[in-house]
$ cat model.cif   # mmCIF, C-alpha atoms
data_work
#
loop_
_atom_site.label_atom_id
_atom_site.label_comp_id
_atom_site.auth_asym_id
_atom_site.auth_seq_id
_atom_site.Cartn_x
_atom_site.Cartn_y
_atom_site.Cartn_z
CA GLY K 1 111.38 114.68 127.28
CA ALA K 2 112.13 112.26 124.47
CA MET K 3 109.57 113.75 122.08
CA SER K 4 108.74 117.44 121.70
CA LEU K 5 105.91 118.68 119.45
CA ASP K 6 105.71 122.47 119.49
CA ARG K 7 102.79 124.34 117.93
CA CYS K 8 102.36 122.21 114.86
CA ASP K 9 100.06 119.58 113.47
CA SER K 10 101.87 116.33 114.19
CA SER K 11 101.38 112.60 113.78
CA VAL K 12 103.52 110.10 115.68
CA SER K 13 103.04 106.36 115.24
CA ALA K 14 104.72 103.12 116.40
CA VAL K 15 107.34 104.75 118.61
CA LEU K 16 108.87 103.33 121.80
CA VAL K 17 109.41 106.12 124.38
CA VAL K 18 111.21 104.66 127.37
CA GLY K 19 113.23 105.85 130.36
CA ASN K 20 113.37 109.60 129.77
CA ARG K 21 113.11 112.41 132.34
CA ALA K 22 112.07 116.05 132.13
CA THR K 23 110.59 118.73 134.34
CA THR K 24 107.29 118.53 132.43
CA GLY K 25 106.33 115.71 130.10
CA GLY K 26 108.83 112.98 130.80
CA GLY K 27 108.18 111.09 127.57
CA VAL K 28 106.16 113.45 125.38
CA TRP K 29 105.70 117.24 125.49
CA ALA K 30 103.25 118.79 123.02
CA THR K 31 101.68 122.22 122.78
CA GLY K 32 99.45 124.07 120.31
CA GLY K 33 98.08 122.82 117.02
CA SER K 34 96.78 119.28 116.87
CA ALA K 35 98.35 115.90 117.35
CA THR K 36 97.68 112.27 116.52
CA LEU K 37 99.55 109.69 118.59
CA SER K 38 98.94 106.07 117.67
CA ARG K 39 100.39 102.64 118.45
CA ASN K 40 103.06 104.01 120.82
CA TYR K 41 104.57 102.60 124.01
CA VAL K 42 105.30 105.29 126.61
CA LEU K 43 106.99 103.44 129.48
CA THR K 44 109.02 104.20 132.63
CA ASN K 45 109.53 107.90 131.92
CA SER K 46 109.54 110.44 134.76
CA ALA K 47 108.93 114.13 135.41
CA GLY K 48 109.55 116.52 138.25
CA ALA K 49 106.69 119.00 138.05
CA SER K 50 104.04 117.42 135.81
CA ALA K 51 103.21 114.52 133.48
CA GLY K 52 105.50 111.57 133.93
CA ALA K 53 104.44 110.14 130.56
CA ALA K 54 102.99 112.90 128.35
CA TRP K 55 101.98 116.55 128.66
CA LEU K 56 99.50 117.97 126.13
CA GLY K 57 99.05 121.71 126.55
CA GLY K 58 96.42 123.64 124.61
CA ILE K 59 96.17 120.95 121.95
CA SER K 60 93.08 121.30 119.77
CA GLY K 61 91.49 118.00 118.88
CA ALA K 62 94.25 115.56 119.76
CA ASP K 63 93.59 111.88 118.99
CA LEU K 64 95.44 109.19 120.97
CA VAL K 65 94.77 105.72 119.56
CA ASN K 66 96.15 102.33 120.66
CA ASN K 67 98.76 103.67 123.08
CA VAL K 68 100.24 101.95 126.14
CA VAL K 69 101.15 104.39 128.94
CA ALA K 70 102.58 102.42 131.84
CA GLY K 71 105.10 102.50 134.65
CA ASN K 72 105.73 106.25 134.43
CA THR K 73 106.35 108.38 137.54
CA VAL K 74 106.09 111.99 138.65
CA ASP K 75 107.22 113.96 141.66
CA ALA K 76 104.18 116.25 141.72
CA LEU K 77 101.15 116.20 139.38
CA GLY K 78 100.10 113.70 136.74
CA ALA K 79 101.92 110.38 136.89
CA GLY K 80 100.73 109.42 133.41
CA ILE K 81 99.12 111.80 130.92
CA VAL K 82 98.26 115.44 131.63
CA VAL K 83 95.92 117.36 129.33
CA SER K 84 96.10 121.07 130.20
CA GLY K 85 93.55 123.06 128.25
CA GLY K 86 92.40 122.05 124.79
CA SER K 87 90.71 118.76 124.01
CA ALA K 88 91.67 115.17 123.36
CA ARG K 89 90.06 111.88 122.48
CA LEU K 90 91.63 108.64 123.68
CA PHE K 91 90.69 105.39 121.96
CA HIS K 92 91.85 101.96 123.13
CA SER K 93 94.35 103.21 125.70
CA THR K 94 96.12 101.03 128.22
CA LEU K 95 96.96 103.05 131.37
CA ALA K 96 98.70 101.03 134.06
CA LEU K 97 100.99 101.37 137.06
CA ASN K 98 101.71 105.08 136.72
CA SER K 99 102.70 106.37 140.14
CA GLY K 100 104.25 109.08 142.30
CA GLY K 101 102.95 112.53 143.21
CA ASP K 102 99.16 112.54 142.89
CA GLY K 103 99.37 109.10 141.26
CA SER K 104 96.93 109.86 138.44
CA GLY K 105 96.84 107.85 135.22
CA LEU K 106 95.19 110.77 133.41
CA LEU K 107 94.85 114.31 134.77
CA VAL K 108 92.77 116.93 132.96
CA THR K 109 93.25 120.52 134.05
CA GLY K 110 93.23 124.11 132.79
CA GLY K 111 89.72 123.86 131.36
CA GLY K 112 90.62 120.92 129.17
CA SER K 113 88.22 118.23 128.03
CA VAL K 114 88.93 114.56 127.33
CA TRP K 115 86.77 111.67 126.12
CA LEU K 116 88.13 108.15 126.67
CA THR K 117 86.72 105.13 124.86
CA ASN K 118 87.63 101.47 125.44
CA THR K 119 90.25 102.07 128.11
CA ILE K 120 92.13 99.79 130.50
CA ALA K 121 92.88 101.93 133.58
CA VAL K 122 94.44 99.94 136.41
CA SER K 123 96.73 100.26 139.43
CA HIS K 124 96.80 104.01 140.06
CA THR K 125 96.14 106.13 143.12
CA VAL K 126 93.49 107.88 140.98
CA ALA K 127 92.96 106.44 137.51
CA ILE K 128 91.23 109.39 135.80
CA THR K 129 90.74 112.82 137.36
CA ALA K 130 89.53 116.18 136.12
CA ALA K 131 90.15 119.42 138.00
CA SER K 132 87.34 121.91 138.55
CA GLY K 133 86.36 123.52 135.25
CA SER K 134 87.76 120.60 133.25
CA SER K 135 86.09 117.37 132.14
CA ALA K 136 86.92 113.73 131.55
CA VAL K 137 84.34 111.21 130.35
CA ALA K 138 85.14 107.48 130.35
CA ASP K 139 83.13 105.32 127.95
CA ALA K 140 83.68 101.55 128.31
CA THR K 141 86.47 101.09 130.85
CA LEU K 142 88.16 98.19 132.61
CA TRP K 143 88.88 99.14 136.22
CA GLY K 144 91.18 96.73 138.02
CA VAL K 145 90.33 94.59 141.03
CA GLY K 146 92.51 93.04 143.71
CA SER K 147 96.18 93.87 143.21
CA TRP K 148 95.20 95.75 140.02
CA ALA K 149 92.62 97.99 141.67
CA ASN K 150 92.94 101.76 141.60
CA GLY K 151 92.71 103.60 144.89
CA VAL K 152 90.01 105.72 143.20
CA ASP K 153 88.74 105.13 139.68
CA LEU K 154 87.28 108.59 139.01
CA GLY K 155 88.37 111.78 140.76
CA GLY K 156 87.27 115.42 140.67
CA GLU K 157 84.93 116.16 137.76
CA ALA K 158 85.64 112.89 135.91
CA VAL K 159 82.61 110.71 135.14
CA SER K 160 81.85 107.37 133.53
CA VAL K 161 79.06 106.73 131.06
CA GLY K 162 79.77 102.99 131.19
CA PRO K 163 79.88 100.19 130.66
CA ASP K 164 82.22 99.72 133.62
CA ILE K 165 84.03 96.38 133.65
CA LEU K 166 85.64 95.15 136.87
CA GLY K 167 88.35 92.54 136.59
CA ILE K 168 92.01 91.79 135.99
CA PRO K 169 93.87 92.88 132.85
CA ASP K 170 95.97 89.66 132.74
CA PHE K 171 98.89 91.42 131.09
CA VAL K 172 101.32 89.20 129.18
CA GLU K 173 104.44 89.81 127.13
CA ILE K 174 104.35 88.73 123.49
CA ALA K 175 107.39 88.84 121.22
CA GLY K 176 109.17 91.04 123.75
CA LYS K 177 106.32 93.55 123.90
CA PRO K 178 104.62 94.06 127.29
CA TYR K 179 101.03 94.91 128.20
CA HIS K 180 99.28 92.58 125.82
CA ILE K 181 96.23 90.83 127.28
CA GLY K 182 95.98 87.15 128.08
CA ARG K 183 93.18 84.63 128.05
CA GLN K 184 92.00 85.53 131.57
CA SER K 185 91.69 89.26 130.87
CA ALA K 186 88.39 90.95 131.61
CA ALA K 187 89.17 93.18 128.61
CA LEU K 188 88.42 90.40 126.13
CA ASP K 189 85.39 91.16 123.92
CA ALA K 190 84.29 93.89 126.37
CA ALA K 191 84.75 96.99 124.18
CA ILE K 192 82.25 98.96 122.17
CA ASP K 193 82.78 99.52 118.45
CA ALA K 194 84.65 102.82 118.16
CA GLY K 195 85.60 102.37 114.52
CA VAL K 196 89.25 101.52 115.26
CA ALA K 197 90.17 98.86 112.72
CA GLU K 198 93.52 97.70 114.13
CA ASP K 199 95.45 97.42 117.40
CA ILE K 200 98.91 98.48 118.60
CA ASP K 201 100.51 95.66 116.60
CA GLY K 202 98.54 96.34 113.43
CA HIS K 203 96.28 93.34 114.02
CA VAL K 204 92.74 93.67 112.74
CA ARG K 205 89.96 94.34 115.26
CA PRO K 206 88.12 92.21 116.24
CA LEU K 207 90.06 88.94 116.33
CA GLY K 208 87.65 87.07 118.61
CA HIS K 209 83.92 87.26 119.23
CA GLY K 210 84.13 91.01 119.94
CA VAL K 211 86.43 94.00 120.25
CA ASP K 212 88.86 94.05 123.19
CA LEU K 213 89.50 96.94 125.57
CA GLY K 214 92.90 98.61 125.63
CA ALA K 215 95.64 98.90 123.04
CA ASP K 216 95.97 95.18 122.29
CA GLU K 217 93.50 93.01 120.42
CA ALA K 218 94.26 89.55 121.75
CA VAL K 219 95.05 86.81 119.26
CA VAL K 220 92.65 84.09 120.40
CA ILE K 221 92.18 80.85 118.49
CA TRP K 222 88.58 79.71 118.80
CA LEU K 223 88.51 75.91 118.34
CA PRO K 224 85.29 74.14 117.40
CA LEU K 225 83.64 72.60 120.47
CA ILE K 226 84.06 69.04 119.19
CA LEU K 227 87.80 69.63 118.64
CA ARG K 228 88.28 71.23 122.06
CA ASN K 229 86.62 68.25 123.72
CA ALA K 230 88.93 65.90 121.85
CA VAL K 231 92.11 67.45 123.24
CA PRO K 232 93.54 65.12 125.95
CA ALA K 233 93.59 66.44 129.52
CA GLY K 234 96.82 68.20 130.35
CA SER K 235 97.56 69.03 126.72
CA ASP K 236 97.92 72.56 125.33
#

$ encode --input "model.cif" --output "structure tokens"
Amino acid sequence: GAMSLDRCDSSVSAVLVVGNRATTGGGVWATGGSATLSRNYVLTNSAGASAGAAWLGGISGADLVNNVVAGNTVDALGAGIVVSGGSARLFHSTLALNSGGDGSGLLVTGGGSVWLTNTIAVSHTVAITAASGSSAVADATLWGVGSWANGVDLGGEAVSVGPDILGIPDFVEIAGKPYHIGRQSAALDAAIDAGVAEDIDGHVRPLGHGVDLGADEAVVIWLPLILRNAVPAGSD
């Protein structure tokens, strides 16, 4: 994998992890200790046995904040993130289009436990799954619809405590960075306040009427009603 964190307390921020391959943990492989991963893009990595994007084994109290995990693949188990044993908290994650093998965006196994807050989880065979004896709890999640729908949102022991939002993510690219959310996204203003003060770009949360789901806080300009009505038809 591109990033290996072995039995130490580690913090990794604002890193682009793209196009790597390993047997386990195509983009990130971490074991033991604790870890904080924030504002990272983990894209188009692949693994043979497990965890196309990231493998966290026996991590105690890992925090993953404002990360995009998308387009990763696996031959066997865990297309996106695998948490094997230990515990992790995921805040404002964007999980999208991870595929291959069991097709899971997040797989929790080995007695591990994960709590996800303010997540976008779209276009997977199974978005979030927890094996027997493990747990995954999703709190405030956008599940895709139409072409963005998951085959199954929650598998195994995984549960949702809501709110569950059904809609499209409306992903857009901004300044060369993918997986930002556009004006039609169901993620806009749909999050709960989890105390995360900025997004993947370092923008302050919230920037609109409320906090947005996923890693990106959309930059939305709210014009006064009288000004909006004065804009000629067909104008931007």

$ closest_residue --input "model.cif" --among "K:Gly71, K:Gly144, K:Gly32, K:Gly78" --to "Ala47 in chain K" --atoms "only C-alpha atoms"
K:Gly78

$ residues_around --input "model.cif" --residues "His124 in chain K" --least-positions-apart "5" --cutoff "12 Å" --atoms "only C-alpha atoms" --output "PyMOL selection string"
chain K and resi 69-73+78-80+95-107+129+143-145+147-155

$ closest_residue --input "model.cif" --among "K:Ser160, K:Ser185, K:Ala130, K:Asp75" --to "Val172 in chain K" --atoms "only C-alpha atoms"
K:Ser185

$ resolve_selection --input "model.cif" --expression "the PyMOL selection byres ((chain K and resi 205-215) around 10)" --output "ChimeraX atom specification"
/K:38-41,65-69,91-95,117-121,140-142,165,169,179-181,185-204,216-222

$ closest_residue --input "model.cif" --among "K:Ser10, K:Thr44, K:Ser134, K:Ser87" --to "Gly27 in chain K" --atoms "only C-alpha atoms"
K:Thr44

$ atom_distance --input "model.cif" --atom1 "CA of Ser34 in chain K" --atom2 "CA of Ala62 in chain K"
5.3 Å

$ resolve_selection --input "model.cif" --expression "the PyMOL selection byres ((chain K and resi 26) around 9)" --output "PyMOL selection string"
chain K and resi 1-3+19-25+27-29+44-48+50-55+72-74

$ atom_distance --input "model.cif" --atom1 "CA of Ala14 in chain K" --atom2 "CA of Ile81 in chain K"
17.8 Å

$ closest_residue --input "model.cif" --among "K:Val114, K:Ala30, K:Val108, K:Ala88" --to "Ala138 in chain K" --atoms "only C-alpha atoms"
K:Val114
